[in-house]
>>> print(open('structure24.cif').read())   # mmCIF, C-alpha atoms
data_run
#
loop_
_atom_site.label_atom_id
_atom_site.label_comp_id
_atom_site.auth_asym_id
_atom_site.auth_seq_id
_atom_site.Cartn_x
_atom_site.Cartn_y
_atom_site.Cartn_z
CA MET A 1 42.68 20.60 -6.25
CA GLU A 2 44.13 23.93 -7.34
CA ARG A 3 43.00 23.34 -10.92
CA SER A 4 39.44 22.44 -9.91
CA LEU A 5 39.26 25.45 -7.59
CA LEU A 6 40.46 27.76 -10.35
CA GLY A 7 37.83 26.22 -12.63
CA ALA A 8 35.13 26.89 -10.04
CA ARG A 9 36.28 30.50 -9.77
CA VAL A 10 36.21 30.96 -13.55
CA ALA A 11 32.76 29.36 -13.73
CA THR A 12 31.53 31.80 -11.08
CA TYR A 13 32.82 34.69 -13.18
CA VAL A 14 30.90 33.23 -16.12
CA TYR A 15 27.60 33.11 -14.24
CA PHE A 16 28.04 36.66 -12.94
CA VAL A 17 28.67 37.86 -16.51
CA LEU A 18 25.59 35.91 -17.67
CA CYS A 19 23.42 37.47 -14.99
CA GLY A 20 24.62 40.97 -15.88
CA THR A 21 24.19 40.29 -19.60
CA LEU A 22 20.63 39.01 -19.24
CA MET A 23 19.56 41.93 -17.08
CA GLY A 24 21.37 44.36 -19.36
CA ALA A 25 19.66 42.85 -22.41
CA TRP A 26 16.30 43.66 -20.84
CA VAL A 27 17.31 47.18 -19.77
CA VAL A 28 18.56 48.25 -23.21
CA HIS A 29 15.35 47.01 -24.83
CA ILE A 30 12.96 48.78 -22.44
CA PRO A 31 12.15 51.59 -24.93
CA ALA A 32 11.36 49.07 -27.69
CA VAL A 33 9.15 46.99 -25.39
CA GLU A 34 7.37 50.13 -24.16
CA GLU A 35 6.58 51.10 -27.75
CA ARG A 36 5.46 47.60 -28.70
CA VAL A 37 3.08 47.30 -25.74
CA GLY A 38 1.90 50.90 -26.07
CA VAL A 39 2.10 52.00 -22.44
CA SER A 40 2.97 55.38 -20.96
CA HIS A 41 6.11 56.09 -18.94
CA ALA A 42 4.00 56.14 -15.78
CA THR A 43 2.46 52.74 -16.51
CA LEU A 44 5.84 51.30 -17.38
CA GLY A 45 7.19 52.57 -14.06
CA GLY A 46 4.48 50.65 -12.23
CA LEU A 47 5.18 47.52 -14.25
CA LEU A 48 8.89 47.73 -13.44
CA VAL A 49 7.99 47.42 -9.77
CA LEU A 50 6.70 43.94 -10.63
CA LEU A 51 10.16 43.05 -11.92
CA GLY A 52 11.56 43.95 -8.51
CA LEU A 53 8.84 42.04 -6.66
CA GLY A 54 9.51 39.00 -8.81
CA ALA A 55 13.23 39.25 -8.09
CA PHE A 56 12.61 39.53 -4.36
CA ALA A 57 10.34 36.46 -4.41
CA GLY A 58 12.85 34.51 -6.48
CA MET A 59 15.61 35.32 -4.02
CA GLN A 60 13.61 34.05 -1.06
CA VAL A 61 12.82 30.78 -2.83
CA ALA A 62 16.25 30.18 -4.34
CA GLY A 63 18.16 30.80 -1.09
CA PRO A 64 16.82 27.83 0.89
CA LEU A 65 16.77 25.66 -2.26
CA THR A 66 20.47 26.37 -2.75
CA ASP A 67 21.21 25.18 0.79
CA ARG A 68 19.10 22.06 0.29
CA LEU A 69 20.07 21.02 -3.25
CA GLY A 70 23.46 22.66 -3.62
CA THR A 71 24.74 25.44 -5.84
CA ARG A 72 25.75 22.96 -8.55
CA VAL A 73 22.05 22.27 -9.11
CA VAL A 74 20.41 25.64 -8.46
CA VAL A 75 22.90 27.97 -10.20
CA PRO A 76 22.65 26.38 -13.67
CA ALA A 77 18.91 25.75 -13.26
CA THR A 78 18.16 29.39 -12.50
CA ALA A 79 20.55 30.52 -15.24
CA VAL A 80 18.67 28.39 -17.79
CA LEU A 81 15.31 29.68 -16.57
CA CYS A 82 16.57 33.26 -16.68
CA GLY A 83 17.87 32.82 -20.21
CA ALA A 84 14.59 31.25 -21.34
CA SER A 85 12.45 33.95 -19.73
CA LEU A 86 14.40 36.89 -21.21
CA VAL A 87 12.36 36.81 -24.42
CA LEU A 88 9.01 36.96 -22.60
CA PRO A 89 8.90 40.78 -22.14
CA GLY A 90 9.74 41.16 -25.83
CA LEU A 91 6.78 38.97 -26.79
CA ALA A 92 4.30 40.87 -24.58
CA ARG A 93 1.48 42.62 -26.48
CA ASP A 94 -0.40 44.35 -23.68
CA PRO A 95 0.20 45.54 -20.10
CA TRP A 96 -1.14 42.32 -18.58
CA THR A 97 1.17 39.99 -20.50
CA LEU A 98 4.08 42.34 -19.86
CA ALA A 99 3.28 42.29 -16.14
CA GLY A 100 3.37 38.49 -16.11
CA ALA A 101 6.56 38.40 -18.18
CA LEU A 102 8.35 40.80 -15.83
CA LEU A 103 7.29 38.83 -12.77
CA VAL A 104 8.67 35.61 -14.25
CA PHE A 105 11.89 37.15 -15.55
CA GLY A 106 12.44 39.00 -12.27
CA ALA A 107 11.95 35.81 -10.25
CA CYS A 108 14.41 33.86 -12.42
CA ASN A 109 16.97 36.65 -12.30
CA GLY A 110 16.64 36.98 -8.54
CA GLY A 111 17.10 33.23 -8.13
CA LEU A 112 20.27 33.30 -10.24
CA ASP A 113 21.56 36.31 -8.31
CA VAL A 114 21.27 34.61 -4.92
CA SER A 115 22.49 31.15 -5.97
CA MET A 116 25.58 32.45 -7.79
CA ASN A 117 26.45 34.66 -4.81
CA ALA A 118 26.11 31.61 -2.53
CA HIS A 119 28.50 29.72 -4.80
CA ALA A 120 30.85 32.70 -4.76
CA VAL A 121 30.89 32.49 -0.96
CA HIS A 122 31.91 28.81 -1.15
CA VAL A 123 34.68 29.62 -3.64
CA GLU A 124 35.92 32.44 -1.42
CA LYS A 125 35.92 30.13 1.59
CA ALA A 126 37.95 27.54 -0.32
CA TYR A 127 40.46 30.17 -1.47
CA GLY A 128 40.93 31.43 2.07
CA ARG A 129 41.10 35.06 0.94
CA PRO A 130 38.69 37.71 -0.42
CA VAL A 131 37.56 37.21 -4.04
CA MET A 132 33.92 38.34 -3.84
CA SER A 133 34.34 41.88 -5.16
CA GLY A 134 35.90 40.62 -8.37
CA PHE A 135 32.79 38.57 -9.08
CA HIS A 136 30.57 41.61 -8.64
CA ALA A 137 32.78 43.60 -11.01
CA THR A 138 32.12 41.08 -13.80
CA PHE A 139 28.37 41.60 -13.39
CA SER A 140 28.93 45.13 -14.70
CA VAL A 141 30.96 43.71 -17.58
CA GLY A 142 27.90 41.69 -18.56
CA GLY A 143 25.80 44.85 -18.74
CA VAL A 144 28.32 46.50 -21.06
CA LEU A 145 28.40 43.36 -23.22
CA ALA A 146 24.61 43.38 -23.53
CA ALA A 147 24.62 47.03 -24.59
CA LEU A 148 27.22 46.37 -27.29
CA VAL A 149 25.36 43.34 -28.66
CA ALA A 150 22.04 45.19 -28.68
CA ALA A 151 23.56 48.20 -30.44
CA GLY A 152 25.10 45.98 -33.11
CA ALA A 153 21.90 44.03 -33.61
CA THR A 154 19.82 47.19 -33.90
CA SER A 155 22.15 48.70 -36.49
CA ALA A 156 21.92 45.44 -38.45
CA GLY A 157 18.13 45.63 -38.44
CA VAL A 158 17.55 42.69 -36.09
CA SER A 159 14.31 42.92 -34.12
CA PRO A 160 14.43 43.28 -30.32
CA VAL A 161 12.58 39.97 -29.88
CA ALA A 162 15.11 38.12 -32.02
CA THR A 163 18.01 39.76 -30.17
CA MET A 164 16.61 38.87 -26.75
CA ALA A 165 15.87 35.31 -27.87
CA ALA A 166 19.39 34.91 -29.25
CA ILE A 167 21.04 36.28 -26.10
CA GLY A 168 18.85 34.02 -23.98
CA ALA A 169 19.67 30.94 -26.06
CA VAL A 170 23.42 31.57 -26.00
CA SER A 171 23.24 32.15 -22.24
CA ILE A 172 21.49 28.80 -21.76
CA VAL A 173 24.21 26.98 -23.69
CA ILE A 174 26.99 28.71 -21.74
CA ALA A 175 25.23 28.00 -18.43
CA LEU A 176 24.95 24.30 -19.21
CA VAL A 177 28.55 24.03 -20.44
CA SER A 178 29.85 25.68 -17.26
CA VAL A 179 28.06 23.32 -14.84
CA ARG A 180 30.89 20.80 -14.52
CA ALA A 181 33.30 23.43 -13.19
CA LEU A 182 31.06 24.41 -10.27
CA MET A 183 32.02 23.18 -6.81
CA PRO A 184 30.17 20.04 -5.69
CA ALA A 185 28.36 20.13 -2.35
CA ALA A 186 31.12 18.08 -0.74
CA SER A 187 33.65 20.82 -1.46
CA VAL A 188 31.78 23.52 0.44
CA THR A 189 33.75 22.87 3.64
CA GLU A 190 37.44 23.27 2.91
CA LYS A 191 40.53 22.71 4.99
CA THR A 192 42.92 25.42 5.96
CA GLY A 193 46.65 25.11 5.44
CA SER A 194 47.04 23.89 9.01
CA GLY A 195 44.63 21.02 8.39
CA GLU A 196 41.86 22.48 10.53
CA GLU A 197 38.40 23.16 9.19
CA THR A 198 37.47 26.78 8.64
CA HIS A 199 34.25 27.93 10.22
CA ALA A 200 32.22 31.09 10.12
CA SER A 201 33.49 33.78 12.41
CA PRO A 202 31.72 33.87 15.73
CA ALA A 203 29.00 36.42 16.16
CA VAL A 204 30.21 39.72 17.43
CA GLY A 205 29.33 40.79 20.91
CA GLY A 206 27.27 37.66 21.58
CA ARG A 207 24.81 38.31 18.77
CA SER A 208 23.24 35.25 17.19
CA SER A 209 24.05 34.40 13.59
CA GLY A 210 20.48 35.23 12.58
CA GLY A 211 20.55 38.63 14.26
CA ARG A 212 23.88 39.46 12.66
CA VAL A 213 22.55 38.54 9.23
CA TRP A 214 19.60 40.92 9.63
CA LEU A 215 21.98 43.71 10.65
CA LEU A 216 23.93 42.99 7.48
CA ALA A 217 20.65 43.13 5.54
CA VAL A 218 19.80 46.56 6.95
CA LEU A 219 23.25 47.86 5.96
CA ALA A 220 22.74 46.36 2.48
CA LEU A 221 19.41 48.16 2.21
CA MET A 222 21.08 51.49 2.98
CA VAL A 223 24.04 51.19 0.61
CA MET A 224 21.96 49.73 -2.23
CA LEU A 225 19.40 52.51 -1.76
CA CYS A 226 22.30 54.90 -2.36
CA GLU A 227 23.34 52.97 -5.46
CA GLY A 228 19.79 52.96 -6.83
CA ALA A 229 19.50 56.71 -6.31
CA ALA A 230 22.73 57.29 -8.22
CA ASN A 231 21.57 55.10 -11.10
CA ASP A 232 18.44 57.15 -11.74
CA TRP A 233 19.28 60.67 -10.54
CA SER A 234 22.94 61.34 -11.29
CA ALA A 235 22.39 62.47 -14.90
CA LEU A 236 19.29 64.47 -13.98
CA HIS A 237 21.27 66.26 -11.27
CA LEU A 238 23.83 67.58 -13.75
CA ARG A 239 21.17 68.58 -16.26
CA ASP A 240 18.56 70.14 -13.97
CA VAL A 241 20.71 71.56 -11.17
CA LEU A 242 23.96 72.51 -12.91
CA GLY A 243 22.52 73.19 -16.37
CA ALA A 244 24.62 70.64 -18.26
CA SER A 245 23.57 69.42 -21.70
CA THR A 246 21.94 66.01 -21.96
CA SER A 247 25.06 64.48 -23.49
CA THR A 248 27.30 65.92 -20.77
CA ALA A 249 24.88 64.90 -18.03
CA ALA A 250 25.05 61.27 -19.17
CA PHE A 251 28.70 61.22 -18.11
CA ALA A 252 27.63 61.65 -14.48
CA TYR A 253 26.27 58.10 -14.34
CA GLY A 254 29.17 56.91 -16.49
CA THR A 255 31.62 58.37 -13.98
CA PHE A 256 29.80 56.72 -11.08
CA ALA A 257 29.57 53.33 -12.82
CA ALA A 258 33.19 53.36 -13.99
CA ALA A 259 34.45 54.25 -10.50
CA MET A 260 32.36 51.47 -8.99
CA THR A 261 33.65 48.89 -11.48
CA ILE A 262 37.28 49.91 -10.93
CA GLY A 263 36.76 49.85 -7.17
CA ARG A 264 35.37 46.33 -7.27
CA LEU A 265 38.28 45.12 -9.37
CA LEU A 266 40.67 46.42 -6.69
CA ALA A 267 38.61 45.78 -3.55
CA ASP A 268 39.62 42.15 -2.96
CA ARG A 269 43.29 43.11 -2.56
CA VAL A 270 42.35 45.96 -0.24
CA VAL A 271 40.22 43.61 1.87
CA THR A 272 43.12 41.14 2.07
CA ARG A 273 45.36 43.90 3.39
CA PHE A 274 43.04 45.83 5.70
CA GLY A 275 39.98 43.63 6.33
CA SER A 276 36.34 43.78 5.26
CA MET A 277 35.29 46.01 8.16
CA ALA A 278 37.78 48.68 7.14
CA VAL A 279 36.62 48.52 3.52
CA LEU A 280 32.98 48.93 4.55
CA ARG A 281 33.67 51.73 7.05
CA HIS A 282 36.13 53.79 5.03
CA GLY A 283 34.26 53.11 1.80
CA ALA A 284 31.05 54.43 3.35
CA ILE A 285 32.91 57.51 4.62
CA MET A 286 34.36 58.12 1.16
CA ALA A 287 30.89 57.77 -0.35
CA ALA A 288 29.50 60.23 2.21
CA VAL A 289 32.15 62.79 1.28
CA GLY A 290 31.47 62.26 -2.42
CA ILE A 291 27.70 62.63 -2.30
CA THR A 292 28.00 65.66 0.02
CA LEU A 293 30.25 67.27 -2.59
CA VAL A 294 27.56 66.54 -5.19
CA ALA A 295 24.81 67.96 -2.97
CA LEU A 296 26.57 71.20 -2.05
CA GLY A 297 29.10 71.82 -4.82
CA PRO A 298 28.06 74.51 -7.35
CA TRP A 299 30.61 73.51 -10.00
CA MET A 300 30.53 70.84 -12.71
CA TRP A 301 33.96 69.48 -11.80
CA ALA A 302 32.83 69.09 -8.19
CA ALA A 303 29.84 67.04 -9.31
CA PHE A 304 31.96 64.68 -11.41
CA ALA A 305 34.50 64.32 -8.61
CA GLY A 306 31.68 63.69 -6.13
CA TRP A 307 30.02 60.99 -8.26
CA ALA A 308 33.41 59.32 -8.76
CA LEU A 309 34.09 59.26 -5.00
CA PHE A 310 30.55 58.04 -4.36
CA GLY A 311 30.96 55.12 -6.77
CA LEU A 312 34.44 54.26 -5.55
CA GLY A 313 33.32 54.33 -1.92
CA LEU A 314 30.24 52.18 -2.49
CA SER A 315 32.05 49.70 -4.74
CA GLY A 316 33.35 47.40 -2.04
CA THR A 317 30.46 47.63 0.40
CA VAL A 318 27.87 45.24 -1.04
CA PRO A 319 30.32 42.39 -1.76
CA GLN A 320 31.54 42.50 1.86
CA LEU A 321 27.99 42.32 3.19
CA PHE A 322 27.05 39.41 0.91
CA SER A 323 30.27 37.60 1.80
CA ALA A 324 29.74 38.07 5.54
CA ALA A 325 26.17 36.78 5.26
CA GLY A 326 27.31 33.66 3.43
CA HIS A 327 30.09 32.95 5.91
CA ALA A 328 27.89 33.55 8.98
CA ASP A 329 26.56 29.99 8.72
CA PRO A 330 28.00 27.85 5.89
CA GLU A 331 25.08 25.42 6.07
CA ALA A 332 22.59 28.24 5.45
CA ALA A 333 24.68 30.38 3.09
CA GLY A 334 21.95 30.54 0.44
CA ALA A 335 19.20 31.54 2.84
CA ASN A 336 21.36 34.16 4.53
CA VAL A 337 22.50 35.67 1.23
CA SER A 338 18.88 35.76 0.08
CA ARG A 339 17.91 37.80 3.16
CA VAL A 340 20.70 40.32 2.66
CA ALA A 341 20.27 40.49 -1.12
CA GLY A 342 16.48 40.67 -0.84
CA LEU A 343 16.42 43.57 1.59
CA GLY A 344 19.22 45.25 -0.36
CA TYR A 345 17.17 44.91 -3.54
CA VAL A 346 14.27 46.64 -1.78
CA GLY A 347 16.65 49.52 -1.11
CA MET A 348 17.80 49.55 -4.73
CA LEU A 349 14.18 49.88 -5.89
CA ALA A 350 13.25 52.38 -3.20
CA GLY A 351 16.19 54.72 -3.76
CA PRO A 352 14.93 56.45 -6.91
CA ALA A 353 11.40 56.73 -5.50
CA VAL A 354 12.55 58.18 -2.16
CA ILE A 355 14.62 60.84 -3.90
CA GLY A 356 11.67 61.59 -6.19
CA TRP A 357 9.35 62.11 -3.23
CA LEU A 358 11.83 64.38 -1.49
CA THR A 359 12.07 66.64 -4.55
CA HIS A 360 8.53 67.79 -3.74
CA VAL A 361 9.94 69.29 -0.53
CA VAL A 362 13.53 70.38 -1.29
CA ALA A 363 15.76 70.88 -4.34
CA LEU A 364 17.11 67.75 -6.02
CA ASN A 365 20.71 68.31 -4.94
CA HIS A 366 19.66 68.78 -1.33
CA THR A 367 17.82 65.44 -1.30
CA PHE A 368 21.25 63.78 -1.58
CA ILE A 369 21.95 64.75 2.04
CA LEU A 370 19.77 61.74 2.90
CA LEU A 371 22.33 59.55 1.13
CA THR A 372 25.08 61.22 3.17
CA LEU A 373 23.26 60.25 6.36
CA LEU A 374 22.80 56.67 5.18
CA CYS A 375 26.50 56.37 4.35
CA VAL A 376 27.50 57.76 7.74
CA THR A 377 25.13 55.31 9.45
CA THR A 378 26.69 52.47 7.46
CA ALA A 379 30.16 53.56 8.57
CA VAL A 380 29.02 53.55 12.20
CA GLY A 381 27.48 50.09 11.79
CA ALA A 382 30.51 48.59 10.03
CA GLY A 383 31.58 46.96 13.30
CA VAL A 384 29.15 44.13 12.51
CA LEU A 385 31.90 42.81 10.20
CA ARG A 386 34.51 42.74 12.96
CA THR A 387 36.04 39.29 13.43
CA ASN A 388 38.81 37.92 15.58
CA SER A 389 41.25 38.32 12.69
CA ASP A 390 40.62 42.06 12.62
CA ALA A 391 42.28 42.41 16.02
CA ALA A 392 45.59 41.10 14.69
CA PRO A 393 47.72 42.22 11.73
CA ARG A 394 46.62 40.54 8.53
CA SER A 395 49.18 38.35 6.81
CA GLU A 396 49.46 38.11 3.06
CA THR A 397 47.86 34.95 1.73
CA ALA A 398 49.35 33.29 -1.29
CA ASP A 399 47.11 33.31 -4.34
CA VAL A 400 45.59 29.93 -5.08
CA GLY A 401 45.35 28.80 -8.67
CA ARG A 402 46.90 31.95 -10.12
#
>>> encode(input="structure24.cif", output="structure tokens")
Amino acid sequence: MERSLLGARVATYVYFVLCGTLMGAWVVHIPAVEERVGVSHATLGGLLVLLGLGAFAGMQVAGPLTDRLGTRVVVPATAVLCGASLVLPGLARDPWTLAGALLVFGACNGGLDVSMNAHAVHVEKAYGRPVMSGFHATFSVGGVLAALVAAGATSAGVSPVATMAAIGAVSIVIALVSVRALMPAASVTEKTGSGEETHASPAVGGRSSGGRVWLLAVLALMVMLCEGAANDWSALHLRDVLGASTSTAAFAYGTFAAAMTIGRLLADRVVTRFGSMAVLRHGAIMAAVGITLVALGPWMWAAFAGWALFGLGLSGTVPQLFSAAGHADPEAAGANVSRVAGLGYVGMLAGPAVIGWLTHVVALNHTFILLTLLCVTTAVGAGVLRTNSDAAPRSETADVGR
């Protein structure tokens, strides 16, 4: 049992890396696709919204399908579709074909995102301790891997279409090879060490499972809006507000992303020790302090320190929300994760736009006060993660399969 559970955990890591690699392969080739299609930055921005809409739609379809057919069917299927659809944007020759390609790729990527997170919830339940944040950290590893492969291919003179096709093909093979290690549907409900079945924690304060999931979704929207804003505006903040060079400004996002990755690698152990509610609450407070330092600090070092705190604070928040949604009702883990992930993805897309709109009213650095307020609100709402186990001291759980 321990060996099969370890295999399922490793397979989950593989699919998270694949998802990050496929999305990263598209992101690094955006300039080449823009040039091939011949669209302006403004038109491309509108087309990218279709990618988000496709992802949202894919999440809503894949969630219920995962509950009905099982993760062992839906995870590899969506991974294969995502790998196959990666090349479509590279083949587009006009805005219309690019629009269709982005819709399809977005839907496949969104489906993979939800189904692999649902499987991660089942693995976490079987382990009996937090492992979700580690999975999310490997998604970032996939993005780095895609950037390295694309850079090497470009220097070797390989066309973007060929590179995207090759990455997609290799991803399909890896997805199919990894299927056997995934947990079968019968393994979703695991036994605890005492021989009793583990169930989702009861709703807090009498709230229904459905109501609790939507509260989790709203919190996901707020923290992922903050993450989306950091992705698109951190470098511009250093350049336009603090007068940094373009090369120096790029380190702002690098600092944020590195802190987030490190935080996710460490978050599972912190959750084991202090609980998911504490990680969400104190992480949101740390993020609020960090982004406030960015908004009000007049010095370069303050900006870097602020972005680092912001990334570190946010790092553990989304995995806890996804995990709580999946555990709220094990029989509807896919559907619940799709609600939280879907609304969170809306926040991720809206973040850059909201900050952009606010810059017409106030200075860029002052728009970040909105992110401070969202982080504080998240900290206040962290009680939605409170469970019966949070009232008692947490005991160390032995690692399974390590």
>>> closest_atom_pairs(input="structure24.cif", of="range 88-197 of chain A", to="range 270-284 of chain A", cutoff="12 Å", atoms="all atoms listed in the file", output="Markdown table")
| residue | atom | partner | partner_atom | distance |
| --- | --- | --- | --- | --- |
| A:Glu124 | CA | A:Thr272 | CA | 11.8 |
| A:Tyr127 | CA | A:Thr272 | CA | 11.8 |
| A:Gly128 | CA | A:Thr272 | CA | 10.0 |
| A:Arg129 | CA | A:Thr272 | CA | 6.5 |
| A:Pro130 | CA | A:Thr272 | CA | 6.1 |
| A:Val131 | CA | A:Val271 | CA | 9.1 |
| A:Met132 | CA | A:Val271 | CA | 10.0 |
| A:Ser133 | CA | A:Val271 | CA | 9.3 |
| A:Gly134 | CA | A:Val271 | CA | 11.5 |
>>> resolve_selection(input="structure24.cif", expression="the PyMOL selection byres ((chain A and resi 102) around 8)", output="JSON, numbers by chain")
{"A": [47, 48, 50, 51, 54, 88, 89, 98, 99, 100, 101, 103, 104, 105, 106]}
>>> resolve_selection(input="structure24.cif", expression="the PyMOL selection byres ((chain A and resi 171) around 10)", output="PyMOL selection string")
chain A and resi 14-15+17-19+21-22+79-80+82-84+165-170+172-177
>>> closest_residue(input="structure24.cif", among="A:Phe322, A:Trp233, A:Phe56, A:Tyr253", to="Gly351 in chain A", atoms="all atoms listed in the file")
A:Trp233
>>> resolve_selection(input="structure24.cif", expression="the PyMOL selection byres ((chain A and resi 78) around 8)", output="JSON, numbers by chain")
{"A": [74, 75, 76, 77, 79, 80, 81, 82, 108, 109, 111, 112]}
>>> atom_distance(input="structure24.cif", atom1="CA of Gly20 in chain A", atom2="CA of Phe304 in chain A")
25.2 Å
>>> residues_around(input="structure24.cif", residues="Cys375 in chain A", least_positions_apart="2", cutoff="7 Å", atoms="all atoms listed in the file", output="ChimeraX atom specification")
/A:223,284-285,287-288,371-373,377-379
>>> residues_around(input="structure24.cif", residues="Ala8 in chain A", least_positions_apart="3", cutoff="8 Å", atoms="all atoms listed in the file", output="JSON, numbers by chain")
{"A": [4, 5, 11, 12, 123, 181, 182, 183]}
>>> closest_residue(input="structure24.cif", among="A:Val218, A:Leu349, A:Val362, A:Val289", to="Val49 in chain A", atoms="all atoms listed in the file")
A:Leu349
>>> closest_residue(input="structure24.cif", among="A:Ala335, A:Val346, A:Leu309, A:Ala120", to="Ala259 in chain A", atoms="all atoms listed in the file")
A:Leu309
>>> closest_residue(input="structure24.cif", among="A:Tyr345, A:Phe251, A:Phe368, A:Tyr13", to="Ser140 in chain A", atoms="only C-alpha atoms")
A:Tyr13
>>> residues_near_point(input="structure24.cif", point="(20.2, 44.6, -34.0)", cutoff="12 Å", atoms="only C-alpha atoms", output="PyMOL selection string")
chain A and resi 25+28-29+32+146-167
>>> closest_residue(input="structure24.cif", among="A:Arg269, A:Arg212, A:Arg264, A:Arg72", to="Arg339 in chain A", atoms="all atoms listed in the file")
A:Arg212
>>> atom_distance(input="structure24.cif", atom1="CA of Gly344 in chain A", atom2="CA of Ala308 in chain A")
21.7 Å
>>> build_atoms(input="structure24.cif", residues="range 110-128 of chain A", atoms="N, CA and C atoms", output="PDB file, keeping the file's coordinate frame")
ATOM      1  N   GLY A 110      16.366  36.938  -9.964  1.00  0.00           N
ATOM      2  CA  GLY A 110      16.640  36.980  -8.540  1.00  0.00           C
ATOM      3  C   GLY A 110      17.174  35.662  -8.016  1.00  0.00           C
ATOM      4  N   GLY A 111      16.620  34.553  -8.526  1.00  0.00           N
ATOM      5  CA  GLY A 111      17.100  33.230  -8.130  1.00  0.00           C
ATOM      6  C   GLY A 111      18.547  33.015  -8.541  1.00  0.00           C
ATOM      7  N   LEU A 112      18.889  33.431  -9.767  1.00  0.00           N
ATOM      8  CA  LEU A 112      20.270  33.300 -10.240  1.00  0.00           C
ATOM      9  C   LEU A 112      21.194  34.178  -9.403  1.00  0.00           C
ATOM     10  N   ASP A 113      20.752  35.381  -9.094  1.00  0.00           N
ATOM     11  CA  ASP A 113      21.560  36.310  -8.310  1.00  0.00           C
ATOM     12  C   ASP A 113      21.959  35.710  -6.972  1.00  0.00           C
ATOM     13  N   VAL A 114      20.991  35.163  -6.251  1.00  0.00           N
ATOM     14  CA  VAL A 114      21.270  34.610  -4.920  1.00  0.00           C
ATOM     15  C   VAL A 114      22.116  33.344  -5.003  1.00  0.00           C
ATOM     16  N   SER A 115      21.766  32.427  -5.905  1.00  0.00           N
ATOM     17  CA  SER A 115      22.490  31.150  -5.970  1.00  0.00           C
ATOM     18  C   SER A 115      23.929  31.341  -6.404  1.00  0.00           C
ATOM     19  N   MET A 116      24.188  32.249  -7.356  1.00  0.00           N
ATOM     20  CA  MET A 116      25.580  32.450  -7.790  1.00  0.00           C
ATOM     21  C   MET A 116      26.384  33.153  -6.709  1.00  0.00           C
ATOM     22  N   ASN A 117      25.748  34.039  -5.930  1.00  0.00           N
ATOM     23  CA  ASN A 117      26.450  34.660  -4.810  1.00  0.00           C
ATOM     24  C   ASN A 117      26.758  33.630  -3.718  1.00  0.00           C
ATOM     25  N   ALA A 118      25.855  32.674  -3.503  1.00  0.00           N
ATOM     26  CA  ALA A 118      26.110  31.610  -2.530  1.00  0.00           C
ATOM     27  C   ALA A 118      27.302  30.763  -2.988  1.00  0.00           C
ATOM     28  N   HIS A 119      27.352  30.469  -4.279  1.00  0.00           N
ATOM     29  CA  HIS A 119      28.500  29.720  -4.800  1.00  0.00           C
ATOM     30  C   HIS A 119      29.780  30.530  -4.675  1.00  0.00           C
ATOM     31  N   ALA A 120      29.680  31.831  -4.906  1.00  0.00           N
ATOM     32  CA  ALA A 120      30.850  32.700  -4.760  1.00  0.00           C
ATOM     33  C   ALA A 120      31.379  32.667  -3.328  1.00  0.00           C
ATOM     34  N   VAL A 121      30.476  32.592  -2.359  1.00  0.00           N
ATOM     35  CA  VAL A 121      30.890  32.490  -0.960  1.00  0.00           C
ATOM     36  C   VAL A 121      31.678  31.202  -0.731  1.00  0.00           C
ATOM     37  N   HIS A 122      31.209  30.081  -1.313  1.00  0.00           N
ATOM     38  CA  HIS A 122      31.910  28.810  -1.150  1.00  0.00           C
ATOM     39  C   HIS A 122      33.296  28.861  -1.804  1.00  0.00           C
ATOM     40  N   VAL A 123      33.389  29.482  -2.967  1.00  0.00           N
ATOM     41  CA  VAL A 123      34.680  29.620  -3.640  1.00  0.00           C
ATOM     42  C   VAL A 123      35.621  30.467  -2.798  1.00  0.00           C
ATOM     43  N   GLU A 124      35.104  31.571  -2.262  1.00  0.00           N
ATOM     44  CA  GLU A 124      35.920  32.440  -1.420  1.00  0.00           C
ATOM     45  C   GLU A 124      36.404  31.710  -0.190  1.00  0.00           C
ATOM     46  N   LYS A 125      35.544  30.892   0.400  1.00  0.00           N
ATOM     47  CA  LYS A 125      35.920  30.130   1.590  1.00  0.00           C
ATOM     48  C   LYS A 125      37.039  29.139   1.259  1.00  0.00           C
ATOM     49  N   ALA A 126      36.929  28.497   0.082  1.00  0.00           N
ATOM     50  CA  ALA A 126      37.950  27.540  -0.320  1.00  0.00           C
ATOM     51  C   ALA A 126      39.277  28.231  -0.621  1.00  0.00           C
ATOM     52  N   TYR A 127      39.229  29.430  -1.177  1.00  0.00           N
ATOM     53  CA  TYR A 127      40.460  30.170  -1.470  1.00  0.00           C
ATOM     54  C   TYR A 127      41.137  30.652  -0.181  1.00  0.00           C
ATOM     55  N   GLY A 128      40.346  30.946   0.828  1.00  0.00           N
ATOM     56  CA  GLY A 128      40.930  31.430   2.070  1.00  0.00           C
ATOM     57  C   GLY A 128      41.327  32.889   2.027  1.00  0.00           C
TER      58      GLY A 128
END
